[in-house]
Amino acid sequence: MTAAALRVPTRPARLGMLGGGQLGRMFVHAAQRLGHHVTVLDHDPASPAAAAADAHVRGAYDDERALAALAQACDAVSTEFENVPASALRWLAEHGCRVAPGADAVAVCQHRLREKELFERAGVPCAAHARIASDADCADARVGPLLPGILKTATLGYDGKGQVAVGTRAELAGAFTALHGAECVLEKRLALAGELSVIIARGPAGDVVHLPVQANVHRCGILAVTEVPAPGLVPAVADAAVAHARRLAEALGYVGVLCVEFFLLADGSLVANEMAPRPHNSGHYSIDACDVSQFELQVRTMLDLPLVPPRQHSFAVMLNLLGDLWLDGRSGAAAEPDWAGPLRLPGVHLHLYGKHEARRGRKMGHLTVTAATAAAARDVANEAARRLGLPLLPT
Ligand code: ADP
Ligand code: MG
């Protein structure tokens with residue numbers, strides 16, 4: 001090799017990630033595989049994403065010194081955490097960073113009422129709901145038809161946090177007080193035949209690709225299982241989910257990866273639940289079961305690289321691994337699960353996020369089973385669940 005050839009420079013892009021959790025970590029892996037550098041902004045010295053990243057700016061999302069350091073280190077910035085203040089993205093955009101998704105789109109996804117307004121504006125069905133921001137709202141006539149319902153804080157909820165099931169007006173008033181009078185939305189509780197989600201990626205020129213529609217099972221408000229392809233999903237419903245997500249992204253002028261969660265009702269109709277302006281837990285299977293993962297899509301949208309439709313090459317079942325798995329049910333003592341059990345099974349891909357502390361309900365890792373048939377993926381996932389002491393898949 002000649003000296004000249006040795007001097008050919010690589011041109012890594014300088015990417016920034018607001019948020020240092022597992023989604024950021026998997027983004028870092030995808031970006032680095034493509035040869036790019038990533039700087040993570042997160043206050044936590046033990047951030048899972050920062051442990052993998054090229055650089056870590058420690059600070060709060062509203063700390064201008066931290067944002068300035070990120071802007072200095074990066075050409076393009078994205079977010080992995082839903083509650084990064086939109087103002088941080090706005091600040092970065094004003095200071096020379098390409099930001100995807102944009103602050104305005106993120107602000108809509110962060111606020112359940114704005115989100116529902118968008119659903120209605122874009123012609124995407126959503127659950128009947130009302131704004132609850134005062135004790136008088138709890139007594140309002142509009143509330144009657146929404147009971148039994150679910151009261152959700154308009155902002156800052158995730159993994160079922162900030163939500164209370166309410167059956168009566170008295171329970172509603174009590175729940176509103178328990179949520180410290182925060183602005184809320186009361187949603188009618190729907191009888192769900194299932195839950196679906198779809199992840200799309202939209203580039204700066206408006207080109208859109210999507211991952212296959214995912215079937216999700218939640219336990220206690222937290223995603224537990226994702227299965228893809230969604231069993232029994234008729235193509236018309238899958239197409240409708242993709243079309244809805246596309247319309248929402250277009251209405252937002254969205255650039256980046258967007259996940260839309262849907263409720264499936266018994267009559268086969270879809271009701272949009274919520275959006276995430278980033279890769280999503282229900283898309284983790286794409287790392288192992290698709291030729292382009294949701295995280296690579298995020299990298300591509302940030303850098304305006306070509307978006308090709310991802311192809312799913314294996315049937316997949318993803319199991320979330322929550323902190324409960326580390327904790328003894330009775331004593332609360334913490335111990336590492338025995339990974340050798342599931343790892344002995346074919347097609348098991350174990351992902352651990354490097355979190356130092358296990359807490360109940362905390363997402364510590366996930367496991368994706370890939371297989372050549374849906375039945376094989378389910379069988380292996382059930383066996384892995386059994387070996388770990390997790391509940392089996394619903395039939
Ligand atoms: P989070 O931001 O915590 O994910 P969601 O609004 O998605 O909050 O609610 C979490 C889960 O609670 C949903 O995936 C679903 O299982 C259940 N849920 C939420 N809203 C409703 C509803 N209106 N009717 C029935 N189930 C609901
Ligand atoms: Mg949700």
# chains A, B, ... in the order shown; residues from 1 in each chain; ligands from 1

$ select_by_dssp --residues "range 170-347 of chain A" --states "strand (DSSP E)" --output "NGL selection string"
:A and (184-188 or 194-202 or 208-210 or 214-219 or 222-228 or 256-264 or 270-276 or 315-322)

$ closest_atom_pairs --of "range 153-229 of chain A" --to "range 271-291 of chain A" --cutoff "9 Å" --atoms "only C-alpha atoms" --output "Markdown table"
| residue | atom | partner | partner_atom | distance |
| --- | --- | --- | --- | --- |
| A:Ser197 | CA | A:Ser282 | CA | 7.2 |
| A:Val198 | CA | A:Gly283 | CA | 8.2 |
| A:Ile199 | CA | A:Gly283 | CA | 7.0 |
| A:Leu211 | CA | A:Ser286 | CA | 7.8 |
| A:Gln214 | CA | A:Ser282 | CA | 6.8 |
| A:Ala215 | CA | A:Ser282 | CA | 8.3 |
| A:Asn216 | CA | A:Ser282 | CA | 7.0 |
| A:Leu223 | CA | A:Asn281 | CA | 7.6 |
| A:Val225 | CA | A:Ser282 | CA | 8.1 |
| A:Thr226 | CA | A:Ser282 | CA | 5.8 |
| A:Glu227 | CA | A:Tyr285 | CA | 8.5 |
| A:Val228 | CA | A:Tyr285 | CA | 8.1 |

$ write_last_selection --atoms "all heavy atoms" --output "JSON list (two decimals), in the first residue's frame"
[["chain", "number", "residue", "atom", "x", "y", "z"],
["A", 197, "SER", "N", -48.17, -1.40, 16.38],
["A", 197, "SER", "CA", -47.41, -0.16, 16.18],
["A", 197, "SER", "C", -46.73, -0.24, 14.83],
["A", 197, "SER", "O", -46.53, -1.34, 14.29],
["A", 197, "SER", "CB", -46.37, 0.04, 17.30],
["A", 197, "SER", "OG", -45.48, -1.06, 17.34],
["A", 198, "VAL", "N", -46.42, 0.92, 14.31],
["A", 198, "VAL", "CA", -45.66, 0.95, 13.06],
["A", 198, "VAL", "C", -44.61, 2.04, 13.15],
["A", 198, "VAL", "O", -44.84, 3.09, 13.76],
["A", 198, "VAL", "CB", -46.59, 1.12, 11.83],
["A", 198, "VAL", "CG1", -47.26, 2.47, 11.79],
["A", 198, "VAL", "CG2", -45.82, 0.88, 10.54],
["A", 199, "ILE", "N", -43.47, 1.73, 12.60],
["A", 199, "ILE", "CA", -42.34, 2.66, 12.62],
["A", 199, "ILE", "C", -42.06, 3.08, 11.19],
["A", 199, "ILE", "O", -41.87, 2.23, 10.31],
["A", 199, "ILE", "CB", -41.11, 1.97, 13.25],
["A", 199, "ILE", "CG1", -41.38, 1.80, 14.76],
["A", 199, "ILE", "CG2", -39.83, 2.77, 13.00],
["A", 199, "ILE", "CD1", -40.51, 0.79, 15.42],
["A", 211, "LEU", "N", -41.15, -0.01, 8.62],
["A", 211, "LEU", "CA", -40.93, -1.38, 9.06],
["A", 211, "LEU", "C", -42.28, -2.10, 9.04],
["A", 211, "LEU", "O", -43.33, -1.44, 9.00],
["A", 211, "LEU", "CB", -40.33, -1.39, 10.48],
["A", 211, "LEU", "CG", -38.87, -0.94, 10.56],
["A", 211, "LEU", "CD1", -38.48, -0.66, 12.01],
["A", 211, "LEU", "CD2", -37.94, -2.01, 9.98],
["A", 214, "GLN", "N", -46.07, -4.08, 13.78],
["A", 214, "GLN", "CA", -45.74, -4.92, 14.94],
["A", 214, "GLN", "C", -46.98, -5.17, 15.81],
["A", 214, "GLN", "O", -47.79, -4.27, 16.00],
["A", 214, "GLN", "CB", -44.68, -4.20, 15.78],
["A", 214, "GLN", "CG", -43.38, -3.98, 15.08],
["A", 214, "GLN", "CD", -43.02, -2.54, 14.73],
["A", 214, "GLN", "OE1", -42.19, -2.31, 13.87],
["A", 214, "GLN", "NE2", -43.63, -1.57, 15.37],
["A", 215, "ALA", "N", -47.09, -6.38, 16.36],
["A", 215, "ALA", "CA", -48.12, -6.68, 17.36],
["A", 215, "ALA", "C", -47.48, -6.61, 18.74],
["A", 215, "ALA", "O", -46.43, -7.22, 18.97],
["A", 215, "ALA", "CB", -48.69, -8.07, 17.13],
["A", 216, "ASN", "N", -48.11, -5.88, 19.64],
["A", 216, "ASN", "CA", -47.52, -5.63, 20.96],
["A", 216, "ASN", "C", -48.42, -6.12, 22.08],
["A", 216, "ASN", "O", -49.64, -5.98, 22.01],
["A", 216, "ASN", "CB", -47.28, -4.13, 21.17],
["A", 216, "ASN", "CG", -46.38, -3.55, 20.10],
["A", 216, "ASN", "OD1", -45.41, -4.18, 19.70],
["A", 216, "ASN", "ND2", -46.71, -2.36, 19.62],
["A", 223, "LEU", "N", -44.59, -2.27, 27.71],
["A", 223, "LEU", "CA", -44.46, -3.24, 26.63],
["A", 223, "LEU", "C", -43.75, -4.49, 27.16],
["A", 223, "LEU", "O", -42.70, -4.40, 27.80],
["A", 223, "LEU", "CB", -43.65, -2.63, 25.47],
["A", 223, "LEU", "CG", -43.50, -3.55, 24.25],
["A", 223, "LEU", "CD1", -44.84, -3.78, 23.56],
["A", 223, "LEU", "CD2", -42.51, -2.96, 23.25],
["A", 225, "VAL", "N", -44.07, -7.83, 25.09],
["A", 225, "VAL", "CA", -43.78, -8.71, 23.95],
["A", 225, "VAL", "C", -44.11, -7.99, 22.65],
["A", 225, "VAL", "O", -45.14, -7.31, 22.56],
["A", 225, "VAL", "CB", -44.66, -9.99, 24.03],
["A", 225, "VAL", "CG1", -44.35, -10.92, 22.84],
["A", 225, "VAL", "CG2", -44.48, -10.73, 25.34],
["A", 226, "THR", "N", -43.25, -8.14, 21.66],
["A", 226, "THR", "CA", -43.56, -7.70, 20.29],
["A", 226, "THR", "C", -43.39, -8.89, 19.37],
["A", 226, "THR", "O", -42.40, -9.62, 19.48],
["A", 226, "THR", "CB", -42.63, -6.55, 19.85],
["A", 226, "THR", "OG1", -42.89, -5.41, 20.66],
["A", 226, "THR", "CG2", -42.87, -6.18, 18.39],
["A", 227, "GLU", "N", -44.36, -9.09, 18.49],
["A", 227, "GLU", "CA", -44.28, -10.19, 17.54],
["A", 227, "GLU", "C", -44.47, -9.64, 16.13],
["A", 227, "GLU", "O", -45.39, -8.84, 15.88],
["A", 227, "GLU", "CB", -45.37, -11.22, 17.86],
["A", 227, "GLU", "CG", -45.24, -12.48, 17.02],
["A", 227, "GLU", "CD", -46.15, -13.62, 17.51],
["A", 227, "GLU", "OE1", -46.85, -13.46, 18.53],
["A", 227, "GLU", "OE2", -46.14, -14.66, 16.84],
["A", 228, "VAL", "N", -43.58, -10.05, 15.22],
["A", 228, "VAL", "CA", -43.63, -9.54, 13.86],
["A", 228, "VAL", "C", -43.28, -10.68, 12.90],
["A", 228, "VAL", "O", -42.28, -11.36, 13.13],
["A", 228, "VAL", "CB", -42.61, -8.40, 13.64],
["A", 228, "VAL", "CG1", -43.01, -7.54, 12.46],
["A", 228, "VAL", "CG2", -42.45, -7.55, 14.87]]

$ closest_atom_pairs --of "chain A" --to "ligand 1" --cutoff "6 Å" --atoms "only C-alpha atoms and all ligand atoms" --output "Markdown table"
| residue | atom | partner | partner_atom_place_in_ligand_line | distance |
| --- | --- | --- | --- | --- |
| A:Gly157 | CA | ligand 1 | 2 (O) | 5.2 |
| A:Tyr158 | CA | ligand 1 | 3 (O) | 3.6 |
| A:Asp159 | CA | ligand 1 | 3 (O) | 3.5 |
| A:Gly160 | CA | ligand 1 | 3 (O) | 3.3 |
| A:Lys161 | CA | ligand 1 | 3 (O) | 5.5 |
| A:Glu187 | CA | ligand 1 | 23 (N) | 5.1 |
| A:Lys188 | CA | ligand 1 | 23 (N) | 5.2 |
| A:Arg189 | CA | ligand 1 | 24 (N) | 3.6 |
| A:Leu190 | CA | ligand 1 | 24 (N) | 3.9 |
| A:His218 | CA | ligand 1 | 16 (O) | 5.3 |
| A:Gly221 | CA | ligand 1 | 11 (C) | 4.2 |
| A:Glu274 | CA | ligand 1 | 7 (O) | 6.0 |

$ closest_atom_pairs --of "range 56-108 of chain A" --to "range 25-40 of chain A" --cutoff "12 Å" --atoms "only C-alpha atoms" --output "Markdown table"
| residue | atom | partner | partner_atom | distance |
| --- | --- | --- | --- | --- |
| A:His56 | CA | A:Val40 | CA | 4.9 |
| A:Val57 | CA | A:Val40 | CA | 6.1 |
| A:Arg58 | CA | A:Val40 | CA | 8.2 |
| A:Gly59 | CA | A:Val40 | CA | 10.1 |
| A:Ala60 | CA | A:Val40 | CA | 11.6 |
| A:Tyr61 | CA | A:Val40 | CA | 11.1 |
| A:Ala66 | CA | A:Val40 | CA | 10.5 |
| A:Leu67 | CA | A:Val40 | CA | 10.7 |
| A:Ala69 | CA | A:Thr39 | CA | 9.7 |
| A:Leu70 | CA | A:Thr39 | CA | 7.1 |
| A:Ala71 | CA | A:Thr39 | CA | 9.9 |
| A:Gln72 | CA | A:Thr39 | CA | 10.3 |
| A:Ala73 | CA | A:Thr39 | CA | 7.1 |
| A:Cys74 | CA | A:Thr39 | CA | 7.3 |
| A:Asp75 | CA | A:Val38 | CA | 10.2 |
| A:Ala76 | CA | A:Val38 | CA | 9.8 |
| A:Val77 | CA | A:Thr39 | CA | 9.1 |
| A:Ser78 | CA | A:Phe27 | CA | 9.8 |
| A:Thr79 | CA | A:Val40 | CA | 9.6 |
| A:Glu80 | CA | A:Phe27 | CA | 8.4 |
| A:Phe81 | CA | A:Arg25 | CA | 11.6 |

$ write_last_selection --atoms "N, CA, C and O atoms" --output "PDB file, in the first residue's frame"
ATOM      1  N   HIS A  56     -19.043  12.074  25.618  1.00  0.00           N
ATOM      2  CA  HIS A  56     -20.176  12.260  26.536  1.00  0.00           C
ATOM      3  C   HIS A  56     -20.137  13.689  27.061  1.00  0.00           C
ATOM      4  O   HIS A  56     -19.149  14.078  27.678  1.00  0.00           O
ATOM      5  N   VAL A  57     -21.187  14.439  26.784  1.00  0.00           N
ATOM      6  CA  VAL A  57     -21.334  15.749  27.418  1.00  0.00           C
ATOM      7  C   VAL A  57     -22.292  15.544  28.576  1.00  0.00           C
ATOM      8  O   VAL A  57     -23.448  15.154  28.365  1.00  0.00           O
ATOM      9  N   ARG A  58     -21.796  15.785  29.774  1.00  0.00           N
ATOM     10  CA  ARG A  58     -22.653  15.592  30.942  1.00  0.00           C
ATOM     11  C   ARG A  58     -23.358  16.886  31.277  1.00  0.00           C
ATOM     12  O   ARG A  58     -22.712  17.911  31.495  1.00  0.00           O
ATOM     13  N   GLY A  59     -24.678  16.836  31.298  1.00  0.00           N
ATOM     14  CA  GLY A  59     -25.413  18.035  31.656  1.00  0.00           C
ATOM     15  C   GLY A  59     -26.895  17.821  31.453  1.00  0.00           C
ATOM     16  O   GLY A  59     -27.321  16.789  30.934  1.00  0.00           O
ATOM     17  N   ALA A  60     -27.660  18.821  31.871  1.00  0.00           N
ATOM     18  CA  ALA A  60     -29.115  18.771  31.717  1.00  0.00           C
ATOM     19  C   ALA A  60     -29.479  19.265  30.322  1.00  0.00           C
ATOM     20  O   ALA A  60     -28.720  20.001  29.692  1.00  0.00           O
ATOM     21  N   TYR A  61     -30.674  18.849  29.877  1.00  0.00           N
ATOM     22  CA  TYR A  61     -31.098  19.232  28.518  1.00  0.00           C
ATOM     23  C   TYR A  61     -31.350  20.728  28.383  1.00  0.00           C
ATOM     24  O   TYR A  61     -31.377  21.246  27.277  1.00  0.00           O
ATOM     25  N   ALA A  66     -24.050  22.936  28.223  1.00  0.00           N
ATOM     26  CA  ALA A  66     -24.013  21.559  27.705  1.00  0.00           C
ATOM     27  C   ALA A  66     -24.472  21.535  26.249  1.00  0.00           C
ATOM     28  O   ALA A  66     -23.865  20.863  25.397  1.00  0.00           O
ATOM     29  N   LEU A  67     -25.536  22.288  25.962  1.00  0.00           N
ATOM     30  CA  LEU A  67     -26.031  22.327  24.581  1.00  0.00           C
ATOM     31  C   LEU A  67     -24.984  22.923  23.650  1.00  0.00           C
ATOM     32  O   LEU A  67     -24.796  22.461  22.519  1.00  0.00           O
ATOM     33  N   ALA A  69     -21.773  22.779  24.031  1.00  0.00           N
ATOM     34  CA  ALA A  69     -20.721  21.770  23.829  1.00  0.00           C
ATOM     35  C   ALA A  69     -21.177  20.740  22.806  1.00  0.00           C
ATOM     36  O   ALA A  69     -20.393  20.286  21.955  1.00  0.00           O
ATOM     37  N   LEU A  70     -22.448  20.375  22.867  1.00  0.00           N
ATOM     38  CA  LEU A  70     -22.973  19.402  21.896  1.00  0.00           C
ATOM     39  C   LEU A  70     -22.969  20.013  20.488  1.00  0.00           C
ATOM     40  O   LEU A  70     -22.547  19.369  19.517  1.00  0.00           O
ATOM     41  N   ALA A  71     -23.407  21.275  20.399  1.00  0.00           N
ATOM     42  CA  ALA A  71     -23.458  21.949  19.087  1.00  0.00           C
ATOM     43  C   ALA A  71     -22.058  22.038  18.482  1.00  0.00           C
ATOM     44  O   ALA A  71     -21.867  21.847  17.279  1.00  0.00           O
ATOM     45  N   GLN A  72     -21.096  22.291  19.337  1.00  0.00           N
ATOM     46  CA  GLN A  72     -19.698  22.390  18.897  1.00  0.00           C
ATOM     47  C   GLN A  72     -19.199  21.054  18.346  1.00  0.00           C
ATOM     48  O   GLN A  72     -18.456  21.005  17.374  1.00  0.00           O
ATOM     49  N   ALA A  73     -19.664  19.962  18.952  1.00  0.00           N
ATOM     50  CA  ALA A  73     -19.138  18.628  18.613  1.00  0.00           C
ATOM     51  C   ALA A  73     -19.899  17.970  17.464  1.00  0.00           C
ATOM     52  O   ALA A  73     -19.449  16.944  16.962  1.00  0.00           O
ATOM     53  N   CYS A  74     -21.054  18.538  17.072  1.00  0.00           N
ATOM     54  CA  CYS A  74     -21.937  17.787  16.166  1.00  0.00           C
ATOM     55  C   CYS A  74     -22.435  18.615  14.984  1.00  0.00           C
ATOM     56  O   CYS A  74     -22.656  19.815  15.092  1.00  0.00           O
ATOM     57  N   ASP A  75     -22.646  17.893  13.885  1.00  0.00           N
ATOM     58  CA  ASP A  75     -23.273  18.510  12.713  1.00  0.00           C
ATOM     59  C   ASP A  75     -24.777  18.230  12.697  1.00  0.00           C
ATOM     60  O   ASP A  75     -25.553  19.028  12.211  1.00  0.00           O
ATOM     61  N   ALA A  76     -25.157  17.057  13.184  1.00  0.00           N
ATOM     62  CA  ALA A  76     -26.570  16.667  13.161  1.00  0.00           C
ATOM     63  C   ALA A  76     -26.917  16.028  14.502  1.00  0.00           C
ATOM     64  O   ALA A  76     -26.126  15.274  15.058  1.00  0.00           O
ATOM     65  N   VAL A  77     -28.102  16.354  14.987  1.00  0.00           N
ATOM     66  CA  VAL A  77     -28.510  15.896  16.323  1.00  0.00           C
ATOM     67  C   VAL A  77     -29.903  15.280  16.252  1.00  0.00           C
ATOM     68  O   VAL A  77     -30.763  15.760  15.516  1.00  0.00           O
ATOM     69  N   SER A  78     -30.103  14.211  17.037  1.00  0.00           N
ATOM     70  CA  SER A  78     -31.436  13.627  17.179  1.00  0.00           C
ATOM     71  C   SER A  78     -31.696  13.372  18.661  1.00  0.00           C
ATOM     72  O   SER A  78     -30.879  13.722  19.510  1.00  0.00           O
ATOM     73  N   THR A  79     -32.849  12.773  18.933  1.00  0.00           N
ATOM     74  CA  THR A  79     -33.210  12.540  20.327  1.00  0.00           C
ATOM     75  C   THR A  79     -33.659  11.097  20.511  1.00  0.00           C
ATOM     76  O   THR A  79     -34.162  10.484  19.576  1.00  0.00           O
ATOM     77  N   GLU A  80     -33.455  10.586  21.686  1.00  0.00           N
ATOM     78  CA  GLU A  80     -33.845   9.203  21.953  1.00  0.00           C
ATOM     79  C   GLU A  80     -34.822   9.145  23.104  1.00  0.00           C
ATOM     80  O   GLU A  80     -35.317   8.085  23.435  1.00  0.00           O
ATOM     81  N   PHE A  81     -35.073  10.263  23.726  1.00  0.00           N
ATOM     82  CA  PHE A  81     -35.889  10.294  24.935  1.00  0.00           C
ATOM     83  C   PHE A  81     -37.027  11.265  24.684  1.00  0.00           C
ATOM     84  O   PHE A  81     -36.809  12.407  24.285  1.00  0.00           O
TER      85      PHE A  81
END

$ atom_distance --atom1 "CA of Ala130 in chain A" --atom2 "CA of Gly102 in chain A"
27.3 Å

$ closest_residue --among "A:Arg387, A:Arg65, A:Arg112, A:Lys355" --to "ligand 2" --atoms "only C-alpha atoms and all ligand atoms"
A:Arg112

$ closest_residue --among "A:Ala51, A:Leu89, A:Leu196, A:Ala249" --to "ligand 2" --atoms "only C-alpha atoms and all ligand atoms"
A:Leu196

$ residues_around --residues "Arg169 in chain A" --least-positions-apart "4" --cutoff "7 Å" --atoms "only C-alpha atoms" --output "ChimeraX atom specification"
/A:138-139,173

$ atom_distance --atom1 "CA of Leu233 in chain A" --atom2 "CA of Phe263 in chain A"
12.7 Å

$ closest_residue --among "A:Ala335, A:Leu179, A:Val84, A:Val260" --to "ligand 2" --atoms "only C-alpha atoms and all ligand atoms"
A:Val260

$ closest_residue --among "A:Val213, A:Ala375, A:Val257, A:Met364" --to "Ala236 in chain A" --atoms "only C-alpha atoms"
A:Val213

$ closest_residue --among "A:Arg219, A:His129, A:His356, A:His244" --to "Leu392 in chain A" --atoms "only C-alpha atoms"
A:Arg219
